[in-house]
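Chemist: One structure follows; several queries about it will come next.
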Amino acid sequence: MIRGMLRDGMLPGKYTYPFLFKACGSLARNGLVLGKSLHCHVLELGYALDLYVLTGTMNMYGQLGFLGEATKVFDNMPQRDVASWTSLITCYAANDCWEEGLLAFNFLRDDCMKSNSNIGLRHGLLCSAGALDQAGCLHSVLEKLSIDYARQAFDEMPKRDSF
């Protein structure tokens with residue numbers, strides 16, 4: 001479909017690329033080849049600094065199991081928001097890298113506390129005050145990491161809704 005668009009002289013916009021990256025991420029066989037080609041195309045079109053496009057790019061690499069590429073995209077983002085941090089954590093979670101996910105979560109929490117943002121994370125990996133049921137969140141951490149990490153996460157929560 002993208003080849004047809006390009007052949008007809010129609011260029012996808014910045015809101016189209018994340019969906020194209022998502023489609024590439026779900027393709028087991030040719031996803032990486034198509035995704036890398038799209039990534040190059042995005043860079044050529046000047047979207048190298050667009051947070052929305054870069055987050056989609058990072059997600060695609062994470063879905064395909066290429067965490068090195070995903071973190072490289074994240075590290076080169078000119079700015080980061082809650083969505084980009086959450087996507088990085090989701091990439092780690094999808095690839096069973098729970099300790100890296102917890103570390104990224106701690107960086108996210110510190111970064112967002114500075115800007116007074118609310119934090120919401122998906123996939124039940126980790127959470128903070130007001131985002132999800134904290135007891136359920138701690139249960140996920142317990143399952144994936146260890147009691148020590150869960151206790152540390154609980155102790156560092158600014159607001160606790162269970163004991």
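Labeling convention for the structure tokens: chains A, B, ... as they appear, residues from 1 per chain, ligands from 1 in order of appearance.
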Might you pull out every residue within 10 Å of Asn95 of chain A, with only C-alpha atoms counted and same-chain residues fewer than 2 positions away left off, and present them as a list in words?
Modeler: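 Selected residues are Gly62, Gln63, Leu64, Gly65, Phe66, Leu67, Ile89, Thr90, Cys91, Tyr92, Ala93, Cys97, Trp98 and Gly101 of chain A.
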Chemist: What would the file look like if the residues just selected were written as a CSV table (one decimal), in the first residue's frame with N, CA, C and O atoms?
Modeler:
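Written output follows (again-v9.csv):
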chain,number,residue,atom,x,y,z
A,62,GLY,N,10.7,-2.4,18.9
A,62,GLY,CA,10.5,-3.2,20.1
A,62,GLY,C,9.6,-4.4,19.8
A,62,GLY,O,9.8,-5.5,20.3
A,63,GLN,N,8.5,-4.2,19.0
A,63,GLN,CA,7.6,-5.3,18.7
A,63,GLN,C,8.4,-6.4,18.0
A,63,GLN,O,8.0,-7.6,18.1
A,64,LEU,N,9.3,-6.0,17.2
A,64,LEU,CA,10.1,-7.0,16.4
A,64,LEU,C,11.2,-7.6,17.2
A,64,LEU,O,11.9,-8.5,16.7
A,65,GLY,N,11.4,-7.2,18.4
A,65,GLY,CA,12.5,-7.7,19.3
A,65,GLY,C,13.8,-7.1,19.1
A,65,GLY,O,14.8,-7.6,19.6
A,66,PHE,N,13.9,-6.0,18.4
A,66,PHE,CA,15.2,-5.3,18.3
A,66,PHE,C,15.3,-4.1,19.2
A,66,PHE,O,15.2,-3.0,18.9
A,67,LEU,N,15.6,-4.5,20.5
A,67,LEU,CA,15.7,-3.5,21.6
A,67,LEU,C,16.8,-2.5,21.4
A,67,LEU,O,16.7,-1.4,21.8
A,89,ILE,N,9.3,1.5,27.9
A,89,ILE,CA,9.0,0.5,29.0
A,89,ILE,C,8.2,-0.6,28.4
A,89,ILE,O,8.4,-1.8,28.7
A,90,THR,N,7.2,-0.3,27.5
A,90,THR,CA,6.5,-1.3,26.8
A,90,THR,C,7.4,-2.2,25.9
A,90,THR,O,7.2,-3.4,25.9
A,91,CYS,N,8.3,-1.6,25.3
A,91,CYS,CA,9.3,-2.4,24.5
A,91,CYS,C,10.1,-3.4,25.4
A,91,CYS,O,10.2,-4.6,25.0
A,92,TYR,N,10.5,-2.9,26.5
A,92,TYR,CA,11.2,-3.8,27.5
A,92,TYR,C,10.3,-4.9,28.0
A,92,TYR,O,10.6,-6.1,28.0
A,93,ALA,N,9.0,-4.5,28.3
A,93,ALA,CA,8.1,-5.5,28.8
A,93,ALA,C,7.8,-6.6,27.7
A,93,ALA,O,7.7,-7.8,28.1
A,97,CYS,N,12.3,-7.9,29.5
A,97,CYS,CA,13.4,-7.2,30.1
A,97,CYS,C,12.9,-6.4,31.2
A,97,CYS,O,12.8,-5.2,31.2
A,98,TRP,N,12.4,-7.1,32.3
A,98,TRP,CA,11.7,-6.5,33.4
A,98,TRP,C,12.6,-5.5,34.2
A,98,TRP,O,12.1,-4.4,34.6
A,101,GLY,N,13.0,-2.4,32.3
A,101,GLY,CA,11.7,-1.7,32.4
A,101,GLY,C,11.5,-0.9,33.7
A,101,GLY,O,11.1,0.2,33.7
Chemist: Nearest residue to Thr16 of chain A out of A:Gly56, A:Ser84, A:Leu34, A:Leu45, using only C-alpha atoms?
Modeler: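 The closest residue to Thr16 of chain A is A:Gly56.
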Chemist: What's the separation between atom CA of Lys22 of chain A and atom CA of His39 of chain A, in Å to one decimal place?
Modeler: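 Rounded to one decimal, the two atoms are 12.1 Å apart.
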Chemist: Between atom CA of Val73 of chain A and atom CA of Asp50 of chain A, what is the distance, to one decimal in Å?
Modeler: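 Computing the Euclidean distance for atom CA of Val73 of chain A and atom CA of Asp50 of chain A yields 11.4 Å.
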Chemist: Quick one: distance from atom CA of Leu20 of chain A to atom CA of Leu6 of chain A in Å, one decimal?
Modeler: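 A separation of 13.3 Å between them.
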Chemist: Considering only C-alpha atoms, can you say which of A:Met60, A:Val42, A:Ala23, A:Leu88 comes closest to Leu11 of chain A?
Modeler: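 Residue with the minimum atom-to-atom distance to Leu11 of chain A: A:Val42.
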Chemist: If you run DSSP over the backbone, which residues in segment 23-73 of chain A end up alpha helix (DSSP H)? Put them as a PDB file with all heavy atoms, in the first residue's frame.
Modeler:
ATOM      1  N   ALA A  23       2.038  -1.566  11.693  1.00  0.00           N
ATOM      2  CA  ALA A  23       1.798  -2.676  10.771  1.00  0.00           C
ATOM      3  C   ALA A  23       3.080  -3.463  10.528  1.00  0.00           C
ATOM      4  O   ALA A  23       3.069  -4.699  10.528  1.00  0.00           O
ATOM      5  CB  ALA A  23       1.235  -2.143   9.446  1.00  0.00           C
ATOM      6  N   CYS A  24       4.190  -2.768  10.368  1.00  0.00           N
ATOM      7  CA  CYS A  24       5.485  -3.457  10.171  1.00  0.00           C
ATOM      8  C   CYS A  24       5.838  -4.291  11.400  1.00  0.00           C
ATOM      9  O   CYS A  24       6.350  -5.402  11.273  1.00  0.00           O
ATOM     10  CB  CYS A  24       6.598  -2.441   9.909  1.00  0.00           C
ATOM     11  SG  CYS A  24       6.498  -1.665   8.293  1.00  0.00           S
ATOM     12  N   GLY A  25       5.563  -3.764  12.570  1.00  0.00           N
ATOM     13  CA  GLY A  25       5.864  -4.478  13.804  1.00  0.00           C
ATOM     14  C   GLY A  25       5.072  -5.755  13.966  1.00  0.00           C
ATOM     15  O   GLY A  25       5.486  -6.668  14.668  1.00  0.00           O
ATOM     16  N   GLY A  31       8.728  -7.643   8.380  1.00  0.00           N
ATOM     17  CA  GLY A  31       8.514  -6.435   9.169  1.00  0.00           C
ATOM     18  C   GLY A  31       9.746  -5.585   9.343  1.00  0.00           C
ATOM     19  O   GLY A  31       9.683  -4.359   9.199  1.00  0.00           O
ATOM     20  N   LEU A  32      10.872  -6.220   9.634  1.00  0.00           N
ATOM     21  CA  LEU A  32      12.092  -5.443   9.866  1.00  0.00           C
ATOM     22  C   LEU A  32      12.576  -4.771   8.589  1.00  0.00           C
ATOM     23  O   LEU A  32      12.947  -3.595   8.614  1.00  0.00           O
ATOM     24  CB  LEU A  32      13.189  -6.326  10.463  1.00  0.00           C
ATOM     25  CG  LEU A  32      14.471  -5.591  10.822  1.00  0.00           C
ATOM     26  CD1 LEU A  32      14.218  -4.542  11.904  1.00  0.00           C
ATOM     27  CD2 LEU A  32      15.533  -6.569  11.284  1.00  0.00           C
ATOM     28  N   VAL A  33      12.553  -5.481   7.502  1.00  0.00           N
ATOM     29  CA  VAL A  33      13.011  -4.907   6.232  1.00  0.00           C
ATOM     30  C   VAL A  33      12.140  -3.715   5.847  1.00  0.00           C
ATOM     31  O   VAL A  33      12.649  -2.635   5.519  1.00  0.00           O
ATOM     32  CB  VAL A  33      13.002  -5.981   5.114  1.00  0.00           C
ATOM     33  CG1 VAL A  33      13.297  -5.359   3.764  1.00  0.00           C
ATOM     34  CG2 VAL A  33      13.990  -7.083   5.434  1.00  0.00           C
ATOM     35  N   LEU A  34      10.829  -3.909   5.902  1.00  0.00           N
ATOM     36  CA  LEU A  34       9.916  -2.816   5.563  1.00  0.00           C
ATOM     37  C   LEU A  34      10.033  -1.663   6.563  1.00  0.00           C
ATOM     38  O   LEU A  34      10.007  -0.497   6.182  1.00  0.00           O
ATOM     39  CB  LEU A  34       8.477  -3.328   5.520  1.00  0.00           C
ATOM     40  CG  LEU A  34       8.157  -4.315   4.402  1.00  0.00           C
ATOM     41  CD1 LEU A  34       6.755  -4.896   4.601  1.00  0.00           C
ATOM     42  CD2 LEU A  34       8.262  -3.642   3.050  1.00  0.00           C
ATOM     43  N   GLY A  35      10.165  -2.011   7.839  1.00  0.00           N
ATOM     44  CA  GLY A  35      10.273  -0.985   8.874  1.00  0.00           C
ATOM     45  C   GLY A  35      11.529  -0.152   8.743  1.00  0.00           C
ATOM     46  O   GLY A  35      11.487   1.071   8.896  1.00  0.00           O
ATOM     47  N   LYS A  36      12.645  -0.797   8.446  1.00  0.00           N
ATOM     48  CA  LYS A  36      13.898  -0.038   8.261  1.00  0.00           C
ATOM     49  C   LYS A  36      13.794   0.866   7.039  1.00  0.00           C
ATOM     50  O   LYS A  36      14.290   1.989   7.048  1.00  0.00           O
ATOM     51  CB  LYS A  36      15.086  -0.990   8.137  1.00  0.00           C
ATOM     52  CG  LYS A  36      15.560  -1.516   9.459  1.00  0.00           C
ATOM     53  CD  LYS A  36      16.882  -2.242   9.314  1.00  0.00           C
ATOM     54  CE  LYS A  36      17.405  -2.572  10.691  1.00  0.00           C
ATOM     55  NZ  LYS A  36      18.826  -2.843  10.697  1.00  0.00           N
ATOM     56  N   SER A  37      13.146   0.361   5.999  1.00  0.00           N
ATOM     57  CA  SER A  37      12.950   1.171   4.804  1.00  0.00           C
ATOM     58  C   SER A  37      12.097   2.397   5.127  1.00  0.00           C
ATOM     59  O   SER A  37      12.411   3.517   4.707  1.00  0.00           O
ATOM     60  CB  SER A  37      12.289   0.317   3.723  1.00  0.00           C
ATOM     61  OG  SER A  37      12.007   1.085   2.593  1.00  0.00           O
ATOM     62  N   LEU A  38      11.022   2.186   5.891  1.00  0.00           N
ATOM     63  CA  LEU A  38      10.185   3.313   6.323  1.00  0.00           C
ATOM     64  C   LEU A  38      10.959   4.281   7.205  1.00  0.00           C
ATOM     65  O   LEU A  38      10.811   5.501   7.079  1.00  0.00           O
ATOM     66  CB  LEU A  38       8.977   2.802   7.105  1.00  0.00           C
ATOM     67  CG  LEU A  38       7.727   2.470   6.330  1.00  0.00           C
ATOM     68  CD1 LEU A  38       6.663   1.930   7.272  1.00  0.00           C
ATOM     69  CD2 LEU A  38       7.203   3.658   5.572  1.00  0.00           C
ATOM     70  N   HIS A  39      11.782   3.735   8.096  1.00  0.00           N
ATOM     71  CA  HIS A  39      12.585   4.571   8.984  1.00  0.00           C
ATOM     72  C   HIS A  39      13.490   5.486   8.156  1.00  0.00           C
ATOM     73  O   HIS A  39      13.584   6.689   8.422  1.00  0.00           O
ATOM     74  CB  HIS A  39      13.399   3.683   9.925  1.00  0.00           C
ATOM     75  CG  HIS A  39      14.070   4.432  11.026  1.00  0.00           C
ATOM     76  ND1 HIS A  39      14.863   3.808  11.945  1.00  0.00           N
ATOM     77  CD2 HIS A  39      14.093   5.741  11.373  1.00  0.00           C
ATOM     78  CE1 HIS A  39      15.345   4.700  12.797  1.00  0.00           C
ATOM     79  NE2 HIS A  39      14.885   5.880  12.460  1.00  0.00           N
ATOM     80  N   CYS A  40      14.148   4.933   7.146  1.00  0.00           N
ATOM     81  CA  CYS A  40      14.992   5.745   6.261  1.00  0.00           C
ATOM     82  C   CYS A  40      14.163   6.803   5.541  1.00  0.00           C
ATOM     83  O   CYS A  40      14.587   7.953   5.410  1.00  0.00           O
ATOM     84  CB  CYS A  40      15.704   4.863   5.243  1.00  0.00           C
ATOM     85  SG  CYS A  40      16.976   3.824   5.962  1.00  0.00           S
ATOM     86  N   HIS A  41      12.988   6.412   5.092  1.00  0.00           N
ATOM     87  CA  HIS A  41      12.098   7.333   4.396  1.00  0.00           C
ATOM     88  C   HIS A  41      11.697   8.493   5.295  1.00  0.00           C
ATOM     89  O   HIS A  41      11.689   9.656   4.881  1.00  0.00           O
ATOM     90  CB  HIS A  41      10.865   6.564   3.910  1.00  0.00           C
ATOM     91  CG  HIS A  41      10.073   7.283   2.894  1.00  0.00           C
ATOM     92  ND1 HIS A  41       8.906   7.941   3.198  1.00  0.00           N
ATOM     93  CD2 HIS A  41      10.274   7.466   1.562  1.00  0.00           C
ATOM     94  CE1 HIS A  41       8.429   8.494   2.107  1.00  0.00           C
ATOM     95  NE2 HIS A  41       9.219   8.224   1.108  1.00  0.00           N
ATOM     96  N   VAL A  42      11.375   8.184   6.533  1.00  0.00           N
ATOM     97  CA  VAL A  42      11.001   9.201   7.519  1.00  0.00           C
ATOM     98  C   VAL A  42      12.141  10.198   7.724  1.00  0.00           C
ATOM     99  O   VAL A  42      11.921  11.414   7.779  1.00  0.00           O
ATOM    100  CB  VAL A  42      10.617   8.510   8.848  1.00  0.00           C
ATOM    101  CG1 VAL A  42      10.705   9.447  10.017  1.00  0.00           C
ATOM    102  CG2 VAL A  42       9.231   7.910   8.753  1.00  0.00           C
ATOM    103  N   LEU A  43      13.353   9.689   7.820  1.00  0.00           N
ATOM    104  CA  LEU A  43      14.511  10.561   8.024  1.00  0.00           C
ATOM    105  C   LEU A  43      14.725  11.462   6.812  1.00  0.00           C
ATOM    106  O   LEU A  43      15.023  12.648   6.958  1.00  0.00           O
ATOM    107  CB  LEU A  43      15.754   9.723   8.312  1.00  0.00           C
ATOM    108  CG  LEU A  43      15.714   8.888   9.594  1.00  0.00           C
ATOM    109  CD1 LEU A  43      16.958   8.031   9.721  1.00  0.00           C
ATOM    110  CD2 LEU A  43      15.528   9.769  10.817  1.00  0.00           C
ATOM    111  N   GLU A  44      14.555  10.905   5.611  1.00  0.00           N
ATOM    112  CA  GLU A  44      14.723  11.688   4.385  1.00  0.00           C
ATOM    113  C   GLU A  44      13.688  12.800   4.269  1.00  0.00           C
ATOM    114  O   GLU A  44      13.967  13.858   3.713  1.00  0.00           O
ATOM    115  CB  GLU A  44      14.624  10.778   3.160  1.00  0.00           C
ATOM    116  CG  GLU A  44      15.794   9.848   2.995  1.00  0.00           C
ATOM    117  CD  GLU A  44      15.569   8.825   1.881  1.00  0.00           C
ATOM    118  OE1 GLU A  44      14.516   8.886   1.195  1.00  0.00           O
ATOM    119  OE2 GLU A  44      16.439   7.962   1.719  1.00  0.00           O
ATOM    120  N   LEU A  51       8.491  13.768  17.512  1.00  0.00           N
ATOM    121  CA  LEU A  51       8.319  12.845  18.630  1.00  0.00           C
ATOM    122  C   LEU A  51       7.272  11.768  18.332  1.00  0.00           C
ATOM    123  O   LEU A  51       7.454  10.599  18.678  1.00  0.00           O
ATOM    124  CB  LEU A  51       7.931  13.636  19.881  1.00  0.00           C
ATOM    125  CG  LEU A  51       7.954  12.910  21.208  1.00  0.00           C
ATOM    126  CD1 LEU A  51       9.338  12.363  21.512  1.00  0.00           C
ATOM    127  CD2 LEU A  51       7.526  13.849  22.312  1.00  0.00           C
ATOM    128  N   TYR A  52       6.197  12.140  17.670  1.00  0.00           N
ATOM    129  CA  TYR A  52       5.130  11.206  17.349  1.00  0.00           C
ATOM    130  C   TYR A  52       5.633  10.108  16.405  1.00  0.00           C
ATOM    131  O   TYR A  52       5.394   8.921  16.617  1.00  0.00           O
ATOM    132  CB  TYR A  52       3.970  11.992  16.725  1.00  0.00           C
ATOM    133  CG  TYR A  52       2.699  11.217  16.546  1.00  0.00           C
ATOM    134  CD1 TYR A  52       1.934  10.822  17.641  1.00  0.00           C
ATOM    135  CD2 TYR A  52       2.238  10.899  15.276  1.00  0.00           C
ATOM    136  CE1 TYR A  52       0.750  10.114  17.478  1.00  0.00           C
ATOM    137  CE2 TYR A  52       1.053  10.200  15.100  1.00  0.00           C
ATOM    138  CZ  TYR A  52       0.324   9.809  16.204  1.00  0.00           C
ATOM    139  OH  TYR A  52      -0.840   9.119  16.036  1.00  0.00           O
ATOM    140  N   VAL A  53       6.348  10.498  15.376  1.00  0.00           N
ATOM    141  CA  VAL A  53       6.891   9.544  14.407  1.00  0.00           C
ATOM    142  C   VAL A  53       7.972   8.688  15.056  1.00  0.00           C
ATOM    143  O   VAL A  53       8.012   7.465  14.863  1.00  0.00           O
ATOM    144  CB  VAL A  53       7.436  10.282  13.158  1.00  0.00           C
ATOM    145  CG1 VAL A  53       8.153   9.327  12.226  1.00  0.00           C
ATOM    146  CG2 VAL A  53       6.305  11.000  12.426  1.00  0.00           C
ATOM    147  N   LEU A  54       8.836   9.302  15.832  1.00  0.00           N
ATOM    148  CA  LEU A  54       9.923   8.556  16.476  1.00  0.00           C
ATOM    149  C   LEU A  54       9.396   7.533  17.473  1.00  0.00           C
ATOM    150  O   LEU A  54       9.935   6.430  17.590  1.00  0.00           O
ATOM    151  CB  LEU A  54      10.891   9.520  17.166  1.00  0.00           C
ATOM    152  CG  LEU A  54      11.706  10.401  16.227  1.00  0.00           C
ATOM    153  CD1 LEU A  54      12.517  11.418  17.029  1.00  0.00           C
ATOM    154  CD2 LEU A  54      12.613   9.568  15.338  1.00  0.00           C
ATOM    155  N   THR A  55       8.338   7.875  18.192  1.00  0.00           N
ATOM    156  CA  THR A  55       7.747   6.923  19.131  1.00  0.00           C
ATOM    157  C   THR A  55       7.187   5.717  18.383  1.00  0.00           C
ATOM    158  O   THR A  55       7.364   4.573  18.808  1.00  0.00           O
ATOM    159  CB  THR A  55       6.668   7.606  19.990  1.00  0.00           C
ATOM    160  OG1 THR A  55       7.277   8.678  20.721  1.00  0.00           O
ATOM    161  CG2 THR A  55       6.033   6.638  20.973  1.00  0.00           C
ATOM    162  N   GLY A  56       6.548   5.950  17.247  1.00  0.00           N
ATOM    163  CA  GLY A  56       6.072   4.846  16.419  1.00  0.00           C
ATOM    164  C   GLY A  56       7.215   3.985  15.902  1.00  0.00           C
ATOM    165  O   GLY A  56       7.109   2.752  15.856  1.00  0.00           O
ATOM    166  N   THR A  57       8.307   4.630  15.525  1.00  0.00           N
ATOM    167  CA  THR A  57       9.497   3.903  15.046  1.00  0.00           C
ATOM    168  C   THR A  57      10.042   3.017  16.153  1.00  0.00           C
ATOM    169  O   THR A  57      10.343   1.835  15.946  1.00  0.00           O
ATOM    170  CB  THR A  57      10.576   4.904  14.590  1.00  0.00           C
ATOM    171  OG1 THR A  57      10.017   5.832  13.669  1.00  0.00           O
ATOM    172  CG2 THR A  57      11.748   4.186  13.948  1.00  0.00           C
ATOM    173  N   MET A  58      10.170   3.582  17.344  1.00  0.00           N
ATOM    174  CA  MET A  58      10.690   2.828  18.488  1.00  0.00           C
ATOM    175  C   MET A  58       9.790   1.639  18.803  1.00  0.00           C
ATOM    176  O   MET A  58      10.276   0.531  19.058  1.00  0.00           O
ATOM    177  CB  MET A  58      10.798   3.756  19.706  1.00  0.00           C
ATOM    178  CG  MET A  58      11.299   3.073  20.959  1.00  0.00           C
ATOM    179  SD  MET A  58      11.487   4.181  22.367  1.00  0.00           S
ATOM    180  CE  MET A  58       9.882   4.923  22.500  1.00  0.00           C
ATOM    181  N   ASN A  59       8.479   1.845  18.775  1.00  0.00           N
ATOM    182  CA  ASN A  59       7.543   0.751  19.040  1.00  0.00           C
ATOM    183  C   ASN A  59       7.723  -0.391  18.053  1.00  0.00           C
ATOM    184  O   ASN A  59       7.673  -1.558  18.425  1.00  0.00           O
ATOM    185  CB  ASN A  59       6.100   1.253  18.974  1.00  0.00           C
ATOM    186  CG  ASN A  59       5.667   1.941  20.229  1.00  0.00           C
ATOM    187  OD1 ASN A  59       6.165   1.656  21.310  1.00  0.00           O
ATOM    188  ND2 ASN A  59       4.744   2.862  20.089  1.00  0.00           N
ATOM    189  N   MET A  60       7.903  -0.058  16.795  1.00  0.00           N
ATOM    190  CA  MET A  60       8.063  -1.070  15.763  1.00  0.00           C
ATOM    191  C   MET A  60       9.293  -1.936  16.046  1.00  0.00           C
ATOM    192  O   MET A  60       9.218  -3.168  16.025  1.00  0.00           O
ATOM    193  CB  MET A  60       8.186  -0.402  14.389  1.00  0.00           C
ATOM    194  CG  MET A  60       8.295  -1.368  13.230  1.00  0.00           C
ATOM    195  SD  MET A  60       9.958  -1.653  12.550  1.00  0.00           S
ATOM    196  CE  MET A  60      10.697  -0.073  12.415  1.00  0.00           C
ATOM    197  N   TYR A  61      10.413  -1.292  16.337  1.00  0.00           N
ATOM    198  CA  TYR A  61      11.623  -2.057  16.642  1.00  0.00           C
ATOM    199  C   TYR A  61      11.421  -2.928  17.881  1.00  0.00           C
ATOM    200  O   TYR A  61      11.848  -4.071  17.918  1.00  0.00           O
ATOM    201  CB  TYR A  61      12.829  -1.129  16.834  1.00  0.00           C
ATOM    202  CG  TYR A  61      13.383  -0.587  15.535  1.00  0.00           C
ATOM    203  CD1 TYR A  61      13.500   0.778  15.327  1.00  0.00           C
ATOM    204  CD2 TYR A  61      13.804  -1.443  14.525  1.00  0.00           C
ATOM    205  CE1 TYR A  61      14.017   1.289  14.145  1.00  0.00           C
ATOM    206  CE2 TYR A  61      14.320  -0.940  13.335  1.00  0.00           C
ATOM    207  CZ  TYR A  61      14.424   0.424  13.150  1.00  0.00           C
ATOM    208  OH  TYR A  61      14.934   0.911  11.975  1.00  0.00           O
ATOM    209  N   GLY A  62      10.748  -2.397  18.882  1.00  0.00           N
ATOM    210  CA  GLY A  62      10.482  -3.177  20.085  1.00  0.00           C
ATOM    211  C   GLY A  62       9.582  -4.367  19.816  1.00  0.00           C
ATOM    212  O   GLY A  62       9.819  -5.467  20.315  1.00  0.00           O
ATOM    213  N   GLN A  63       8.519  -4.164  19.013  1.00  0.00           N
ATOM    214  CA  GLN A  63       7.616  -5.262  18.668  1.00  0.00           C
ATOM    215  C   GLN A  63       8.362  -6.385  17.959  1.00  0.00           C
ATOM    216  O   GLN A  63       8.029  -7.550  18.127  1.00  0.00           O
ATOM    217  CB  GLN A  63       6.503  -4.769  17.736  1.00  0.00           C
ATOM    218  CG  GLN A  63       5.382  -4.038  18.405  1.00  0.00           C
ATOM    219  CD  GLN A  63       4.356  -3.622  17.372  1.00  0.00           C
ATOM    220  OE1 GLN A  63       4.553  -2.659  16.654  1.00  0.00           O
ATOM    221  NE2 GLN A  63       3.270  -4.369  17.304  1.00  0.00           N
ATOM    222  N   LEU A  67      15.604  -4.511  20.499  1.00  0.00           N
ATOM    223  CA  LEU A  67      15.668  -3.516  21.571  1.00  0.00           C
ATOM    224  C   LEU A  67      16.811  -2.528  21.382  1.00  0.00           C
ATOM    225  O   LEU A  67      16.693  -1.363  21.757  1.00  0.00           O
ATOM    226  CB  LEU A  67      15.801  -4.202  22.922  1.00  0.00           C
ATOM    227  CG  LEU A  67      14.518  -4.817  23.460  1.00  0.00           C
ATOM    228  CD1 LEU A  67      14.785  -5.566  24.753  1.00  0.00           C
ATOM    229  CD2 LEU A  67      13.463  -3.760  23.672  1.00  0.00           C
ATOM    230  N   GLY A  68      17.910  -2.993  20.810  1.00  0.00           N
ATOM    231  CA  GLY A  68      19.036  -2.087  20.557  1.00  0.00           C
ATOM    232  C   GLY A  68      18.627  -0.945  19.644  1.00  0.00           C
ATOM    233  O   GLY A  68      18.957   0.221  19.895  1.00  0.00           O
ATOM    234  N   GLU A  69      17.895  -1.276  18.592  1.00  0.00           N
ATOM    235  CA  GLU A  69      17.413  -0.244  17.668  1.00  0.00           C
ATOM    236  C   GLU A  69      16.375   0.645  18.348  1.00  0.00           C
ATOM    237  O   GLU A  69      16.364   1.862  18.157  1.00  0.00           O
ATOM    238  CB  GLU A  69      16.824  -0.881  16.411  1.00  0.00           C
ATOM    239  CG  GLU A  69      17.845  -1.588  15.545  1.00  0.00           C
ATOM    240  CD  GLU A  69      18.894  -0.647  14.981  1.00  0.00           C
ATOM    241  OE1 GLU A  69      18.558   0.475  14.560  1.00  0.00           O
ATOM    242  OE2 GLU A  69      20.081  -1.039  14.980  1.00  0.00           O
ATOM    243  N   ALA A  70      15.487   0.033  19.132  1.00  0.00           N
ATOM    244  CA  ALA A  70      14.452   0.803  19.829  1.00  0.00           C
ATOM    245  C   ALA A  70      15.089   1.807  20.795  1.00  0.00           C
ATOM    246  O   ALA A  70      14.705   2.983  20.822  1.00  0.00           O
ATOM    247  CB  ALA A  70      13.503  -0.129  20.582  1.00  0.00           C
ATOM    248  N   THR A  71      16.063   1.353  21.567  1.00  0.00           N
ATOM    249  CA  THR A  71      16.696   2.274  22.522  1.00  0.00           C
ATOM    250  C   THR A  71      17.549   3.318  21.809  1.00  0.00           C
ATOM    251  O   THR A  71      17.661   4.439  22.297  1.00  0.00           O
ATOM    252  CB  THR A  71      17.540   1.517  23.562  1.00  0.00           C
ATOM    253  OG1 THR A  71      18.501   0.709  22.907  1.00  0.00           O
ATOM    254  CG2 THR A  71      16.674   0.665  24.459  1.00  0.00           C
ATOM    255  N   LYS A  72      18.097   2.975  20.665  1.00  0.00           N
ATOM    256  CA  LYS A  72      18.858   3.961  19.891  1.00  0.00           C
ATOM    257  C   LYS A  72      17.932   5.094  19.426  1.00  0.00           C
ATOM    258  O   LYS A  72      18.289   6.269  19.519  1.00  0.00           O
ATOM    259  CB  LYS A  72      19.514   3.286  18.681  1.00  0.00           C
ATOM    260  CG  LYS A  72      20.536   4.151  17.984  1.00  0.00           C
ATOM    261  CD  LYS A  72      21.122   3.483  16.743  1.00  0.00           C
ATOM    262  CE  LYS A  72      21.718   2.136  17.046  1.00  0.00           C
ATOM    263  NZ  LYS A  72      22.314   1.503  15.844  1.00  0.00           N
ATOM    264  N   VAL A  73      16.744   4.735  18.954  1.00  0.00           N
ATOM    265  CA  VAL A  73      15.769   5.754  18.555  1.00  0.00           C
ATOM    266  C   VAL A  73      15.401   6.607  19.766  1.00  0.00           C
ATOM    267  O   VAL A  73      15.396   7.844  19.694  1.00  0.00           O
ATOM    268  CB  VAL A  73      14.502   5.108  17.935  1.00  0.00           C
ATOM    269  CG1 VAL A  73      13.400   6.147  17.733  1.00  0.00           C
ATOM    270  CG2 VAL A  73      14.841   4.422  16.614  1.00  0.00           C
TER     271      VAL A  73
END
